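Below is query-v2.pdb, holding PDB, C-alpha atoms.
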ATOM      1  CA  LEU A  45     -31.515 -35.571  29.835
ATOM      2  CA  SER A  46     -28.619 -37.917  29.167
ATOM      3  CA  TYR A  47     -28.729 -36.889  25.496
ATOM      4  CA  ILE A  48     -28.390 -33.198  26.420
ATOM      5  CA  ILE A  49     -25.489 -33.942  28.772
ATOM      6  CA  THR A  50     -23.792 -35.991  26.061
ATOM      7  CA  MET A  51     -24.220 -33.185  23.524
ATOM      8  CA  LYS A  52     -22.848 -30.579  25.941
ATOM      9  CA  THR A  53     -19.876 -32.825  26.682
ATOM     10  CA  ALA A  54     -19.232 -33.292  22.960
ATOM     11  CA  VAL A  55     -19.407 -29.568  22.273
ATOM     12  CA  PHE A  56     -17.100 -28.809  25.208
ATOM     13  CA  ALA A  57     -14.624 -31.453  24.058
ATOM     14  CA  THR A  58     -14.678 -30.037  20.532
ATOM     15  CA  LEU A  59     -14.024 -26.498  21.752
ATOM     16  CA  LEU A  60     -11.233 -27.713  24.013
ATOM     17  CA  ALA A  61      -9.632 -29.633  21.176
ATOM     18  CA  ALA A  62      -9.907 -26.630  18.865
ATOM     19  CA  ALA A  63      -8.315 -24.354  21.434
ATOM     20  CA  SER A  64      -5.449 -26.745  22.109
ATOM     21  CA  ALA A  65      -4.907 -27.329  18.400
ATOM     22  CA  PHE A  66      -4.799 -23.736  17.226
ATOM     23  CA  ALA A  67      -3.332 -21.676  20.043
ATOM     24  CA  PRO A  68       0.163 -23.219  20.258
ATOM     25  CA  ALA A  69       0.498 -23.479  16.485
ATOM     26  CA  SER A  70      -0.426 -19.818  16.031
ATOM     27  CA  GLN A  71       1.980 -18.721  18.722
ATOM     28  CA  LYS A  72       4.778 -20.819  17.266
ATOM     29  CA  ALA A  73       4.122 -19.540  13.743
ATOM     30  CA  SER A  74       4.031 -15.918  14.887
ATOM     31  CA  THR A  75       7.291 -16.363  16.797
ATOM     32  CA  SER A  76       9.025 -17.935  13.808
ATOM     33  CA  ALA A  77       7.711 -15.204  11.491
ATOM     34  CA  LEU A  78       8.971 -12.537  13.884
ATOM     35  CA  LYS A  79      12.420 -14.086  13.836
ATOM     36  CA  ALA A  80      12.302 -14.481  10.065
ATOM     37  CA  PHE A  81      11.343 -10.878   9.254
ATOM     38  CA  GLU A  82      12.448  -8.743  12.203
ATOM     39  CA  GLY A  83      15.594  -7.792  10.282
ATOM     40  CA  GLU A  84      13.747  -6.818   7.111
ATOM     41  CA  LEU A  85      13.809  -3.276   5.805
ATOM     42  CA  GLY A  86      10.787  -1.413   7.139
ATOM     43  CA  ALA A  87      10.770  -3.187  10.511
ATOM     44  CA  GLN A  88      11.668   0.007  12.330
ATOM     45  CA  VAL A  89      11.289   1.478  15.792
ATOM     46  CA  PRO A  90       9.065   1.832  17.708
ATOM     47  CA  LEU A  91       6.964  -1.053  16.316
ATOM     48  CA  GLY A  92       9.669  -3.206  14.758
ATOM     49  CA  PHE A  93       8.206  -6.036  12.687
ATOM     50  CA  TRP A  94       4.456  -5.522  13.052
ATOM     51  CA  ASP A  95       1.965  -7.989  11.591
ATOM     52  CA  PRO A  96      -1.225  -7.740  13.695
ATOM     53  CA  LEU A  97      -3.296  -9.724  11.175
ATOM     54  CA  GLY A  98      -0.745 -12.519  10.958
ATOM     55  CA  LEU A  99      -0.475 -12.259   7.161
ATOM     56  CA  VAL A 100       3.009 -13.770   7.184
ATOM     57  CA  ALA A 101       2.627 -15.814  10.350
ATOM     58  CA  ASP A 102       3.745 -18.894   8.398
ATOM     59  CA  GLY A 103       7.143 -17.309   7.752
ATOM     60  CA  SER A 104       6.749 -17.457   3.957
ATOM     61  CA  GLN A 105       9.374 -15.270   2.264
ATOM     62  CA  GLU A 106       7.429 -15.402  -1.004
ATOM     63  CA  LYS A 107       4.295 -14.042   0.671
ATOM     64  CA  PHE A 108       6.316 -11.360   2.480
ATOM     65  CA  ASP A 109       7.919 -10.244  -0.800
ATOM     66  CA  ARG A 110       4.500 -10.066  -2.467
ATOM     67  CA  LEU A 111       3.097  -7.926   0.361
ATOM     68  CA  ARG A 112       6.180  -5.680   0.308
ATOM     69  CA  TYR A 113       5.737  -5.278  -3.459
ATOM     70  CA  VAL A 114       2.112  -4.222  -2.963
ATOM     71  CA  GLU A 115       3.031  -1.916  -0.067
ATOM     72  CA  LEU A 116       5.653  -0.115  -2.154
ATOM     73  CA  LYS A 117       3.342   0.266  -5.139
ATOM     74  CA  HIS A 118       0.475   1.606  -3.033
ATOM     75  CA  GLY A 119       2.869   3.928  -1.225
ATOM     76  CA  ARG A 120       4.172   5.358  -4.487
ATOM     77  CA  ILE A 121       0.657   5.839  -5.837
ATOM     78  CA  SER A 122      -0.391   7.541  -2.597
ATOM     79  CA  MET A 123       2.581   9.908  -2.696
ATOM     80  CA  LEU A 124       1.595  10.932  -6.231
ATOM     81  CA  ALA A 125      -2.040  11.220  -5.118
ATOM     82  CA  ILE A 126      -1.129  13.540  -2.241
ATOM     83  CA  ALA A 127       0.927  15.734  -4.594
ATOM     84  CA  GLY A 128      -1.891  15.795  -7.139
ATOM     85  CA  TYR A 129      -4.567  16.531  -4.551
ATOM     86  CA  LEU A 130      -2.647  19.441  -3.049
ATOM     87  CA  THR A 131      -1.762  20.824  -6.489
ATOM     88  CA  ALA A 132      -5.387  20.799  -7.595
ATOM     89  CA  GLU A 133      -6.561  22.151  -4.226
ATOM     90  CA  GLY A 134      -4.111  25.004  -4.688
ATOM     91  CA  GLY A 135      -5.936  25.996  -7.884
ATOM     92  CA  ALA A 136      -3.502  24.713 -10.499
ATOM     93  CA  ARG A 137      -5.265  23.586 -13.674
ATOM     94  CA  LEU A 138      -4.271  22.793 -17.234
ATOM     95  CA  PRO A 139      -5.142  25.467 -19.797
ATOM     96  CA  GLY A 140      -7.884  24.915 -22.345
ATOM     97  CA  ASP A 141     -10.788  22.481 -22.485
ATOM     98  CA  ILE A 142     -11.080  18.857 -21.439
ATOM     99  CA  ASP A 143     -13.502  17.992 -24.247
ATOM    100  CA  PHE A 144     -14.872  19.328 -27.549
ATOM    101  CA  ALA A 145     -18.044  20.490 -25.798
ATOM    102  CA  GLY A 146     -16.096  23.305 -24.173
ATOM    103  CA  THR A 147     -15.746  21.931 -20.634
ATOM    104  CA  SER A 148     -12.694  23.729 -19.310
ATOM    105  CA  PHE A 149     -10.119  22.192 -17.006
ATOM    106  CA  GLU A 150     -10.668  25.230 -14.791
ATOM    107  CA  SER A 151     -14.294  24.184 -14.229
ATOM    108  CA  ILE A 152     -13.398  20.721 -12.881
ATOM    109  CA  PRO A 153     -13.598  20.716  -9.077
ATOM    110  CA  ASN A 154     -11.143  18.968  -6.798
ATOM    111  CA  GLY A 155     -11.572  15.699  -4.913
ATOM    112  CA  PHE A 156     -14.550  13.361  -5.268
ATOM    113  CA  ALA A 157     -16.595  16.034  -7.054
ATOM    114  CA  ALA A 158     -14.279  15.716 -10.061
ATOM    115  CA  LEU A 159     -15.601  12.210 -10.767
ATOM    116  CA  GLY A 160     -19.005  13.613 -11.642
ATOM    117  CA  ALA A 161     -17.636  16.581 -13.581
ATOM    118  CA  ILE A 162     -15.124  14.851 -15.860
ATOM    119  CA  PRO A 163     -16.763  13.663 -19.106
ATOM    120  CA  GLY A 164     -17.127   9.909 -19.548
ATOM    121  CA  ALA A 165     -14.515   9.763 -22.307
ATOM    122  CA  GLY A 166     -12.063  11.550 -20.017
ATOM    123  CA  LEU A 167     -12.628   9.033 -17.226
ATOM    124  CA  ALA A 168     -12.154   6.198 -19.730
ATOM    125  CA  GLN A 169      -8.807   7.679 -20.770
ATOM    126  CA  ILE A 170      -7.697   7.983 -17.143
ATOM    127  CA  ILE A 171      -8.667   4.370 -16.396
ATOM    128  CA  GLY A 172      -6.993   3.209 -19.616
ATOM    129  CA  PHE A 173      -3.777   5.046 -18.727
ATOM    130  CA  ILE A 174      -3.765   3.518 -15.235
ATOM    131  CA  GLY A 175      -4.287   0.086 -16.796
ATOM    132  CA  PHE A 176      -1.347   0.668 -19.149
ATOM    133  CA  LEU A 177       0.884   1.653 -16.218
ATOM    134  CA  GLU A 178      -0.208  -1.421 -14.261
ATOM    135  CA  ILE A 179       0.380  -3.827 -17.141
ATOM    136  CA  ALA A 180       3.493  -2.395 -18.789
ATOM    137  CA  VAL A 181       5.293   0.063 -16.488
ATOM    138  CA  MET A 182       4.715  -0.419 -12.756
ATOM    139  CA  LYS A 183       6.266  -3.879 -12.646
ATOM    140  CA  ASP A 184       9.593  -5.658 -12.449
ATOM    141  CA  ILE A 185      10.225  -6.943 -15.962
ATOM    142  CA  THR A 186      13.978  -7.563 -16.034
ATOM    143  CA  GLY A 187      14.534  -8.865 -12.486
ATOM    144  CA  GLY A 188      15.368  -5.979 -10.196
ATOM    145  CA  GLU A 189      17.922  -5.514  -7.458
ATOM    146  CA  PHE A 190      15.196  -5.693  -4.784
ATOM    147  CA  VAL A 191      11.433  -6.095  -4.460
ATOM    148  CA  GLY A 192       9.812  -3.035  -6.026
ATOM    149  CA  ASP A 193      12.738  -2.190  -8.312
ATOM    150  CA  PHE A 194      10.938  -1.040 -11.465
ATOM    151  CA  ARG A 195      13.925   0.504 -13.251
ATOM    152  CA  ASN A 196      14.018  -2.333 -15.795
ATOM    153  CA  GLY A 197      17.322  -1.127 -17.197
ATOM    154  CA  ALA A 198      15.775   2.125 -18.458
ATOM    155  CA  ILE A 199      15.782   4.589 -15.538
ATOM    156  CA  ASP A 200      18.501   4.962 -12.932
ATOM    157  CA  PHE A 201      18.851   8.560 -11.654
ATOM    158  CA  GLY A 202      22.286   7.699 -10.255
ATOM    159  CA  TRP A 203      21.102   4.799  -8.070
ATOM    160  CA  ASP A 204      24.088   2.633  -8.953
ATOM    161  CA  THR A 205      26.469   5.343  -7.738
ATOM    162  CA  PHE A 206      25.221   5.027  -4.126
ATOM    163  CA  ASP A 207      26.898   2.760  -1.580
ATOM    164  CA  GLU A 208      24.869   0.013   0.107
ATOM    165  CA  GLU A 209      24.242   2.018   3.272
ATOM    166  CA  THR A 210      22.839   4.945   1.299
ATOM    167  CA  LYS A 211      20.650   2.621  -0.772
ATOM    168  CA  LEU A 212      19.175   1.030   2.354
ATOM    169  CA  LYS A 213      18.551   4.458   3.880
ATOM    170  CA  LYS A 214      16.765   5.709   0.769
ATOM    171  CA  ARG A 215      14.673   2.540   0.506
ATOM    172  CA  ALA A 216      13.680   2.867   4.179
ATOM    173  CA  LEU A 217      12.717   6.495   3.588
ATOM    174  CA  GLU A 218      10.541   5.476   0.650
ATOM    175  CA  ILE A 219       8.736   2.850   2.722
ATOM    176  CA  ASN A 220       8.073   5.310   5.556
ATOM    177  CA  GLN A 221       6.986   8.112   3.224
ATOM    178  CA  GLY A 222       4.725   5.698   1.361
ATOM    179  CA  ARG A 223       3.097   4.542   4.590
ATOM    180  CA  ALA A 224       2.575   8.154   5.681
ATOM    181  CA  ALA A 225       1.134   9.056   2.260
ATOM    182  CA  GLN A 226      -1.362   6.184   2.407
ATOM    183  CA  MET A 227      -2.614   7.356   5.798
ATOM    184  CA  GLY A 228      -2.548  10.991   4.657
ATOM    185  CA  MET A 229      -4.550  10.325   1.496
ATOM    186  CA  LEU A 230      -7.077   8.308   3.454
ATOM    187  CA  ALA A 231      -7.442  11.196   5.941
ATOM    188  CA  LEU A 232      -7.968  13.715   3.116
ATOM    189  CA  MET A 233     -10.647  11.532   1.524
ATOM    190  CA  VAL A 234     -12.480  10.868   4.789
ATOM    191  CA  HIS A 235     -12.440  14.501   5.881
ATOM    192  CA  GLU A 236     -13.606  15.655   2.463
ATOM    193  CA  GLN A 237     -16.629  13.388   2.774
ATOM    194  CA  LEU A 238     -17.233  14.705   6.293
ATOM    195  CA  GLY A 239     -17.079  18.271   4.989
ATOM    196  CA  VAL A 240     -14.095  19.148   7.170
ATOM    197  CA  SER A 241     -11.016  20.303   5.278
ATOM    198  CA  LEU A 242      -7.554  19.459   6.573
ATOM    199  CA  ILE A 243      -6.034  22.160   4.404
ATOM    200  CA  PRO A 244      -5.770  25.705   5.870
ATOM    201  CA  SER A 245      -8.070  28.369   4.397
ATOM    202  CA  VAL A 246     -10.105  25.811   2.450
TER     203      VAL A 246
END
So that I can check it, write out the structure of this file as structure tokens.
Amino acid sequence: LSYIITMKTAVFATLLAAASAFAPASQKASTSALKAFEGELGAQVPLGFWDPLGLVADGSQEKFDRLRYVELKHGRISMLAIAGYLTAEGGARLPGDIDFAGTSFESIPNGFAALGAIPGAGLAQIIGFIGFLEIAVMKDITGGEFVGDFRNGAIDFGWDTFDEETKLKKRALEINQGRAAQMGMLALMVHEQLGVSLIPSV
């Protein structure tokens, strides 16, 4: 009996120590991270700086920049994906055949069904092209003006003619549109699998 009581006491003491050790530290780290990043671009009303998983609870600027880099890249990919999905859903197809066997672009369905209809060599080319973009294009090679600046001295589209306020506004718009596109693409994929189209008359 004394052994059981001793074990229960030890377990209780361990849990108490764990609670006292982690709770204040987590709260302090979250508070410091909030102060560190609440002024960052993308921390916008109504949520402000929102990090429910505590990914930057330690206040690391390097980690925040890495996550912002990934967020921007995924947002840009999702915006292109939305445009591509809607274009294909609207019936637009390239002319001609996708392979020498006579498989026409017109015969390739939209969405997940396309994965089974595109010939293996075609899928390999798509994956290879994505790999090329990831390795050589979609990255900051020359040291950009901000995280996610992939111009690399080659593409500008008049960016340097904007004042700082306009640049910040456009960057904020990109972040918001990218976030919306990620959620939108996810919704399209989920509803396609459920057999419920989000697109009118489809």
I'd like the residues picked by the PyMOL selection byres ((chain A and resi 132) around 12) written out as a compact mmCIF listing (two decimals) with C-alpha atoms, in the coordinates of the input, using the chain letters and numbers from the file.
# COMPACT_ATOMS: atom_id res chain seq x y z
CA ALA A 125 -2.04 11.22 -5.12
CA ILE A 126 -1.13 13.54 -2.24
CA ALA A 127 0.93 15.73 -4.59
CA GLY A 128 -1.89 15.80 -7.14
CA TYR A 129 -4.57 16.53 -4.55
CA LEU A 130 -2.65 19.44 -3.05
CA THR A 131 -1.76 20.82 -6.49
CA GLU A 133 -6.56 22.15 -4.23
CA GLY A 134 -4.11 25.00 -4.69
CA GLY A 135 -5.94 26.00 -7.88
CA ALA A 136 -3.50 24.71 -10.50
CA ARG A 137 -5.26 23.59 -13.67
CA LEU A 138 -4.27 22.79 -17.23
CA PHE A 149 -10.12 22.19 -17.01
CA GLU A 150 -10.67 25.23 -14.79
CA SER A 151 -14.29 24.18 -14.23
CA ILE A 152 -13.40 20.72 -12.88
CA PRO A 153 -13.60 20.72 -9.08
CA ASN A 154 -11.14 18.97 -6.80
CA GLY A 155 -11.57 15.70 -4.91
CA ALA A 158 -14.28 15.72 -10.06
Identify the residues around (1.7, 6.0, -7.9) within a radius of 12 Å, measuring from all atoms listed in the file in the coordinates stated by the file, and give them as an mmCIF file with C-alpha atoms, in the frame of the given file.
data_model
loop_
_atom_site.group_PDB
_atom_site.id
_atom_site.type_symbol
_atom_site.label_atom_id
_atom_site.label_comp_id
_atom_site.auth_asym_id
_atom_site.auth_seq_id
_atom_site.Cartn_x
_atom_site.Cartn_y
_atom_site.Cartn_z
ATOM 1 C CA VAL A 114 2.112 -4.222 -2.963
ATOM 2 C CA GLU A 115 3.031 -1.916 -0.067
ATOM 3 C CA LEU A 116 5.653 -0.115 -2.154
ATOM 4 C CA LYS A 117 3.342 0.266 -5.139
ATOM 5 C CA HIS A 118 0.475 1.606 -3.033
ATOM 6 C CA GLY A 119 2.869 3.928 -1.225
ATOM 7 C CA ARG A 120 4.172 5.358 -4.487
ATOM 8 C CA ILE A 121 0.657 5.839 -5.837
ATOM 9 C CA SER A 122 -0.391 7.541 -2.597
ATOM 10 C CA MET A 123 2.581 9.908 -2.696
ATOM 11 C CA LEU A 124 1.595 10.932 -6.231
ATOM 12 C CA ALA A 125 -2.040 11.220 -5.118
ATOM 13 C CA ILE A 126 -1.129 13.540 -2.241
ATOM 14 C CA ALA A 127 0.927 15.734 -4.594
ATOM 15 C CA GLY A 128 -1.891 15.795 -7.139
ATOM 16 C CA ILE A 174 -3.765 3.518 -15.235
ATOM 17 C CA LEU A 177 0.884 1.653 -16.218
ATOM 18 C CA GLU A 178 -0.208 -1.421 -14.261
ATOM 19 C CA VAL A 181 5.293 0.063 -16.488
ATOM 20 C CA MET A 182 4.715 -0.419 -12.756
ATOM 21 C CA LYS A 183 6.266 -3.879 -12.646
ATOM 22 C CA GLY A 222 4.725 5.698 1.361
ATOM 23 C CA ALA A 225 1.134 9.056 2.260
ATOM 24 C CA GLN A 226 -1.362 6.184 2.407
#
Can you turn the PyMOL selection byres ((chain A and resi 194) around 6) into a concrete residue list for this file, as a list of chain:residue names?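 Listing what the PyMOL selection byres ((chain A and resi 194) around 6) selects in the shown file: A:Lys183, A:Asp184, A:Gly192, A:Asp193, A:Arg195, A:Asn196.
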CA of Phe144 in chain A and CA of Ile171 in chain A, how far apart in Å?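 So the two atoms, CA of Ile171 in chain A and CA of Phe144 in chain A, lie 19.7 Å apart.
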Quick one, how far is CA of Glu82 in chain A from CA of Glu189 in chain A?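 Computed distance, CA of Glu82 in chain A to CA of Glu189 in chain A, equals 20.7 Å.
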